[in-house]
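Chemist: Dropping the structure in here first, questions after.
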Amino acid sequence: MSSSLRIGVVGCGFIADVIAHAIAEADDAVLSAAASRRRESAEAFAAKHGASRVFGSWEELVASDAVDAVYVATPTVLREAVSIAAARGGKHVLADKPFLSLPSVQAITAACRKAGVAFLDATHFTHHPRTALLKRERAQRIGTLEAVQSVFFFPNTDRANIRYDATKEPTGAIGDMAWYSMRAAAEFLPPEATPVRVSAEGTRDPVTGTWVRSAGCIRFSDGSTTTWDAGFTVGALVMDLSLFGRDGSIHMDDYVLDWAGGMLGCDPGVPVGFVQRNGPVAPPAFQRVATPSPKRQAVRMIEHLVQLSRDPNGPEALEAIRLACRTQALVDLVAEAVRRES
């Protein structure tokens, strides 16, 4: 292996473009190859981002000796096959989300562990220093966590978009958007807290039948809850997350794509952080905590993959697998509840 982790990208759409820029900014990583079902797309992508190799199929890329790791940016229905093949080929796996199901994630991660390669799902916000700080200091700031509340809307009315194609993205906005809500619950609620009741409703697009919104509540065995509302149906970008504890609350309005370094409308002049409230106080007494990051969260994600590749069976690698599985398990519960209530 070269000194830099050589990453090949399978799927050359918008999100792959974002990740290619992140790879270019990351330490000890380089974009080495691109593959797409349309070779001309891979060629254009490689030319834009400086990848030295182009493949007309993902099978060729995952078998190539020019690649150490694979970023799987395919439609959800292909993610398991590509990820498992990459692992069996000795390649570390960075897989976009969501997955088809918890068993699908488990099959992927089992293949990675068997092959001795790292696995990481591509959830950007978990790599921002703000997330680490809140996980480390949340208890002393707001006490025992009672509830996680999230709202994530991204306006999308384009029925030609892949997210409206249930043959490729079977859970629609449930998997695409509510994944982040479920990940927030997985990150901040105790790992031993298990779901005991799920209530959820969904909205289908009247033309395609795709799920375009979901909302609901999950109650856990420790009495805590997570409530969410997420989808494509609101005409604004909304990314609110609140943590409610017995001693206070924490709120942010950019938890998915931070305003300073996210992929849309980045503005380094916008302070990233959170607002903390303790007691019955008015806004002048709110505590505004800044959590700046010299590197964008997507860049940190790539560098985390590099770190995991050096110890693919270590505790951090196992924690990455646990979080991916817990998140998908919650997504599965939501999807089941939505279908049941529809």
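Please note that chains go A, B, ... in the order of the structure tokens, that every chain numbers its residues from 1, and that ligands are numbered from 1 in the order shown.
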Could you go through range 44-272 of chain A and tell me which residues DSSP, when run on the backbone, assigns to strand (DSSP E), listing them as a ChimeraX atom specification?
Modeler: /A:53-55,69-72,92-95,119-121,145-153,195-204,211-220,225-231,238-245,248-252
Chemist: If we count only C-alpha atoms, what is near Ala173 in chain A at a cut-off of 6 Å, once residues fewer than 4 positions away on the same chain are taken out, given as a VMD selection string?
Modeler: chain A and resid 177 211 to 213 231
Chemist: Nearest to Ala66 in chain A among A:Ser101, A:Ser342, A:Thr291, A:Ser4, with distances taken over only C-alpha atoms: which residue is it?
Modeler: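 Looking at the shortest contact to Ala66 in chain A, the residue is A:Ser4.
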Chemist: With distances taken over only C-alpha atoms, which residue among A:Leu78, A:Ala20, A:Ala63, A:Leu243 lies nearest Gly50 in chain A?
Modeler: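 Result for the nearest residue to Gly50 in chain A: A:Ala20.
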Chemist: Excluding same-chain residues fewer than 4 positions from range 183-190 of chain A, what lies within 8 Å of it counting only C-alpha atoms, as a list in words?
Modeler: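 Skipping anything fewer than 4 positions along the chain leaves Thr126, Lys135, Leu145, Val148, Ser150, Trp179, Ser224, Thr226, Leu323, Arg326 and Thr327 of chain A.
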Chemist: Near Leu133 in chain A, counting only C-alpha atoms, which residues have an atom at most 12 Å away, once you skip same-chain residues fewer than 5 positions from it, shown as a list of chain:residue names?
Modeler: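 The contact residues come out as A:Thr126, A:His127, A:His128, A:Arg138, A:Ala139, A:Gln140, A:Arg141, A:Glu187, A:Phe188, A:Gly273, A:Phe274, A:Val289, A:Ala290, A:Thr291, A:Pro292, A:Ser293.
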Chemist: For range 169-171 of chain A, work out the shell of residues within 7 Å, counting only C-alpha atoms and skipping chain neighbours fewer than 2 positions away, then give it as a list in words.
Modeler: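 Returned residues: Pro75, Thr76, Val77, Arg163, Asp165, Ala166, Thr167, Ala173, Ile174, Gly175 and Trp211 of chain A.
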Chemist: Okay, now the selection with C-alpha atoms, as a PDB file, in the first residue's frame?
Modeler:
ATOM      1  CA  PRO A  75     -28.235   3.488  -5.409  1.00  0.00           C
ATOM      2  CA  THR A  76     -29.229   1.693  -2.220  1.00  0.00           C
ATOM      3  CA  VAL A  77     -30.269  -1.498  -4.014  1.00  0.00           C
ATOM      4  CA  ARG A 163     -34.904   9.460  -4.686  1.00  0.00           C
ATOM      5  CA  ASP A 165     -37.483   5.795  -7.867  1.00  0.00           C
ATOM      6  CA  ALA A 166     -38.587   3.078  -5.446  1.00  0.00           C
ATOM      7  CA  THR A 167     -36.848   0.394  -7.498  1.00  0.00           C
ATOM      8  CA  ALA A 173     -37.226   9.930   2.315  1.00  0.00           C
ATOM      9  CA  ILE A 174     -37.399   7.509   5.249  1.00  0.00           C
ATOM     10  CA  GLY A 175     -33.967   6.154   4.415  1.00  0.00           C
ATOM     11  CA  TRP A 211     -42.231   8.015   0.613  1.00  0.00           C
TER      12      TRP A 211
END
